[in-house]
Amino acid sequence: FPKPINIGELIDALDSLTAPQTPEPYRILIVDDDASLATFYSLTLEQAGMMTVAIADPLQVMQPLIEFRPDLILMDMYMPGCDGLELASVIRQQPAYMGIPIVFLSVETDFNKQLTAIQLGGDDFLTKPILPHHLVASVMPRVQRSRLLRSVMVRDSLTGLLNHTTIKEQLSIEVQRASRENTTVAFAMIDIDDFKSVNDTYGHLTGDRVLKSLSRLLQQRLRKTDITGRYGGEEFAIILPHTDGLTAVKVLNRIREGFAKVRQQSEGAEFSVTFSCGVAVFPSVVDATQLNEAADKALYEAKRHGRNKVVI
Ligand code: GH3
Ligand code: MG
Ligand code: MG
Ligand code: MG
């Protein structure tokens with residue numbers, strides 16, 4: 001007998017098909033003191049569809065690590081001031097960069113030195129000069145695996161949104177950027193109202209589906225530049241770059257109204273769910289930690305004043 005269709009499973013399957021997948025180009029950071037070689041690697045990898053940033057000074061590796069977020073580092077071994085091996089072990093010591101593949105590229109032909117490079121955390125060793133197709137063939141599979149691994153590590157498995165750790169990292173990054181660019185960034189925290197009773201009444205699976213429906217709505221309604229994460233159980237966080245408080249409240253109120261209108265379903269029963277939201281804005285609130293606290297406090301006020309509200 002054919003299995004009866006389970007609507008819930010069907011919705012989940014459709015969800016996974018329609019989940020937004022923006023195939024961003026792979027990002028490669030090139031560290032080589034020889035500018036013309038670095039340009040050659042850049043052009044080769046870009047021709048293969050990748051994005052590159054090249055730096056000549058190994059001591060400046062931190063900034064592009066944070067901002068460019070490379071999927072792989074292509075590193076020269078011998079550079080003035082600091083050698084590639086030291087640099088690789090420094091990078092590897094930081095939990096956030098432990099997993100980035102590092103591929104060495106050097107004129108070094110001594111097998112033992114190549115071995116040392118790999119023991120110190122290099123993922124591969126390529127010898128200069130290298131042919132373009134050899135470079136691409138070495139980089140591509142590593143970078144694909146790295147991207148896959150990263151997407152699993154930074155995302156929440158139920159909703160596909162960024163997880164708690166990642167959204168917090170992103171908030172610091174966006175606050176720093178806003179500070180440099182002299183602009184505003186809004187931070188919003190959302191908490192579903194009376195979610196415990198949704199679980200108690202309709203069961204956990206239905207609860208999970210409500211979480212997914214909110215996550216889908218957020219992704220549909222927000223701009224591409226906004227950053228959305230699942231903060232914890234039934235809490236979500238949104239970073240709205242270049243947005244002032246008034247605009248953020250307007251946007252979130254529209255989403256709040258939209259969510260309240262969604263007809264949630266569970267085995268024939270229909271019900272609706274609401275959320276409360278707290279908003280805080282940089283630079284009125286001076287840093288990421290305090291943004292977090294202020295948004296949380298505003299959220300608490302929204303709950304206290306009857307829920308289904310956005311408070312700034
Ligand atoms: P309030 O309006 O004050 O926020 O009330 P609430 O019931 O939403 O808040 P409370 O913190 O009492 O309960 C949150 C509930 O969320 C309890 C927990 O079982 C449920 N929850 C947390 N994570 C998940 C999840 O991943 N799936 C499901 N289905 N439920 C979850
Ligand atoms: Mg060199
Ligand atoms: Mg909560
Ligand atoms: Mg709640």
# chains A, B, ... in the order shown; residues from 1 in each chain; ligands from 1
>>> closest_atom_pairs(of="range 77-120 of chain A", to="range 28-33 of chain A", cutoff="9 Å", atoms="only C-alpha atoms", output="Markdown table")
| residue | atom | partner | partner_atom | distance |
| --- | --- | --- | --- | --- |
| A:Met77 | CA | A:Asp32 | CA | 8.2 |
| A:Tyr78 | CA | A:Asp33 | CA | 8.3 |
| A:Met79 | CA | A:Asp33 | CA | 5.8 |
| A:Pro80 | CA | A:Asp33 | CA | 7.5 |
| A:Gly84 | CA | A:Val31 | CA | 8.5 |
| A:Leu105 | CA | A:Asp32 | CA | 8.9 |
>>> write_last_selection(atoms="C-alpha atoms", output="PDB file, in the first residue's frame")
ATOM      1  CA  MET A  77      55.821  30.069   2.876  1.00  0.00           C
ATOM      2  CA  TYR A  78      58.642  32.566   2.744  1.00  0.00           C
ATOM      3  CA  MET A  79      57.784  36.192   3.340  1.00  0.00           C
ATOM      4  CA  PRO A  80      59.731  39.003   4.953  1.00  0.00           C
ATOM      5  CA  GLY A  84      53.884  31.199   6.458  1.00  0.00           C
ATOM      6  CA  LEU A 105      52.356  27.511  -2.114  1.00  0.00           C
TER       7      LEU A 105
END
>>> residues_near_ligand(ligand="ligand 4", cutoff="9 Å", atoms="only C-alpha atoms and all ligand atoms", output="NGL selection string")
:A and (190-196 or 233-235 or 275-276 or 303)
>>> write_last_selection(atoms="C-alpha atoms", output="short mmCIF file (atom, residue, chain, number, x, y, z; two decimals), in the first residue's frame")
data_model
loop_
_atom_site.label_atom_id
_atom_site.label_comp_id
_atom_site.auth_asym_id
_atom_site.auth_seq_id
_atom_site.Cartn_x
_atom_site.Cartn_y
_atom_site.Cartn_z
CA ILE A 190 11.82 38.49 18.96
CA ASP A 191 10.19 36.07 21.37
CA ILE A 192 7.09 34.08 20.46
CA ASP A 193 4.16 34.70 22.79
CA ASP A 194 2.81 31.89 24.94
CA PHE A 195 4.72 29.35 22.94
CA LYS A 196 4.58 26.86 25.75
CA GLY A 233 14.32 28.07 21.69
CA GLU A 234 11.57 30.41 20.49
CA GLU A 235 13.72 33.53 20.32
CA PHE A 275 5.38 37.48 18.94
CA SER A 276 6.80 40.32 20.98
CA LYS A 303 5.77 41.26 27.19
#
>>> residues_around(residues="range 281-292 of chain A", least_positions_apart="3", cutoff="9 Å", atoms="only C-alpha atoms", output="number ranges by chain")
A: 168, 171-176, 178-179, 182-189, 243-245, 248, 295-297, 312
>>> select_by_dssp(residues="range 52-240 of chain A", states="alpha helix (DSSP H)", output="count of residues only")
91
>>> atom_distance(atom1="CA of Pro23 in chain A", atom2="CA of Arg223 in chain A")
17.0 Å
>>> closest_residue(among="A:Val249, A:Ile100, A:Ala237, A:Leu131", to="ligand 3", atoms="only C-alpha atoms and all ligand atoms")
A:Ala237
>>> closest_residue(among="A:Val279, A:Ile227, A:Ile102, A:Ala298", to="Lys250 in chain A", atoms="only C-alpha atoms")
A:Val279
>>> select_by_dssp(residues="range 131-221 of chain A", states="strand (DSSP E)", output="list in words")
Val185, Ala186, Phe187, Ala188, Met189, Ile190, Asp191 and Ile192 of chain A
>>> residues_around(residues="Asp34 in chain A", least_positions_apart="3", cutoff="9 Å", atoms="only C-alpha atoms", output="ChimeraX atom specification")
/A:31,37-39,56,76,79
>>> atom_distance(atom1="CA of Thr165 in chain A", atom2="CA of Tyr97 in chain A")
14.1 Å
>>> atom_distance(atom1="CA of Thr116 in chain A", atom2="CA of Ile91 in chain A")
16.2 Å
>>> closest_residue(among="A:Ala302, A:Ile255, A:Leu162, A:Met153", to="ligand 1", atoms="only C-alpha atoms and all ligand atoms")
A:Ala302
>>> decode(residues="range 212-271 of chain A", atoms="C-alpha atoms", output="short mmCIF file (atom, residue, chain, number, x, y, z; two decimals), in the first residue's frame")
data_model
loop_
_atom_site.label_atom_id
_atom_site.label_comp_id
_atom_site.auth_asym_id
_atom_site.auth_seq_id
_atom_site.Cartn_x
_atom_site.Cartn_y
_atom_site.Cartn_z
CA LYS A 212 9.86 27.39 10.82
CA SER A 213 6.95 29.47 9.62
CA LEU A 214 8.29 32.49 11.51
CA SER A 215 11.79 31.91 10.18
CA ARG A 216 10.41 31.73 6.63
CA LEU A 217 8.42 34.92 7.10
CA LEU A 218 11.46 36.76 8.44
CA GLN A 219 13.52 35.68 5.44
CA GLN A 220 10.79 36.74 3.03
CA ARG A 221 10.08 40.12 4.56
CA LEU A 222 13.52 41.37 5.49
CA ARG A 223 16.09 42.90 3.15
CA LYS A 224 18.93 40.80 1.81
CA THR A 225 21.36 42.82 3.90
CA ASP A 226 19.52 42.12 7.16
CA ILE A 227 20.93 39.28 9.22
CA THR A 228 18.56 36.86 10.90
CA GLY A 229 19.31 34.24 13.52
CA ARG A 230 17.65 31.89 15.95
CA TYR A 231 18.81 33.08 19.31
CA GLY A 232 17.50 30.16 21.33
CA GLY A 233 14.32 28.07 21.69
CA GLU A 234 11.57 30.41 20.49
CA GLU A 235 13.72 33.53 20.32
CA PHE A 236 15.03 35.14 17.17
CA ALA A 237 17.45 38.02 16.61
CA ILE A 238 17.70 40.38 13.67
CA ILE A 239 20.45 42.81 12.72
CA LEU A 240 19.32 45.64 10.46
CA PRO A 241 22.35 47.51 9.12
CA HIS A 242 21.93 51.17 8.08
CA THR A 243 18.59 51.34 9.85
CA ASP A 244 17.35 53.86 12.40
CA GLY A 245 14.98 53.07 15.26
CA LEU A 246 11.83 54.40 13.61
CA THR A 247 12.35 52.40 10.44
CA ALA A 248 13.23 49.24 12.38
CA VAL A 249 10.04 49.51 14.45
CA LYS A 250 7.98 50.05 11.30
CA VAL A 251 9.52 47.03 9.55
CA LEU A 252 9.10 44.80 12.58
CA ASN A 253 5.53 45.90 13.18
CA ARG A 254 4.67 44.92 9.63
CA ILE A 255 6.23 41.51 10.17
CA ARG A 256 4.47 41.18 13.52
CA GLU A 257 1.10 41.87 11.87
CA GLY A 258 1.93 39.47 9.04
CA PHE A 259 2.87 36.69 11.45
CA ALA A 260 -0.29 37.13 13.53
CA LYS A 261 -2.33 36.63 10.34
CA VAL A 262 -0.65 33.36 9.40
CA ARG A 263 -3.13 30.53 9.92
CA GLN A 264 -1.13 27.84 11.66
CA GLN A 265 -2.51 24.36 11.24
CA SER A 266 -2.40 21.20 13.28
CA GLU A 267 -4.40 18.10 12.39
CA GLY A 268 -7.42 20.01 11.17
CA ALA A 269 -7.26 22.67 13.87
CA GLU A 270 -6.37 26.24 12.95
CA PHE A 271 -4.82 28.76 15.26
#
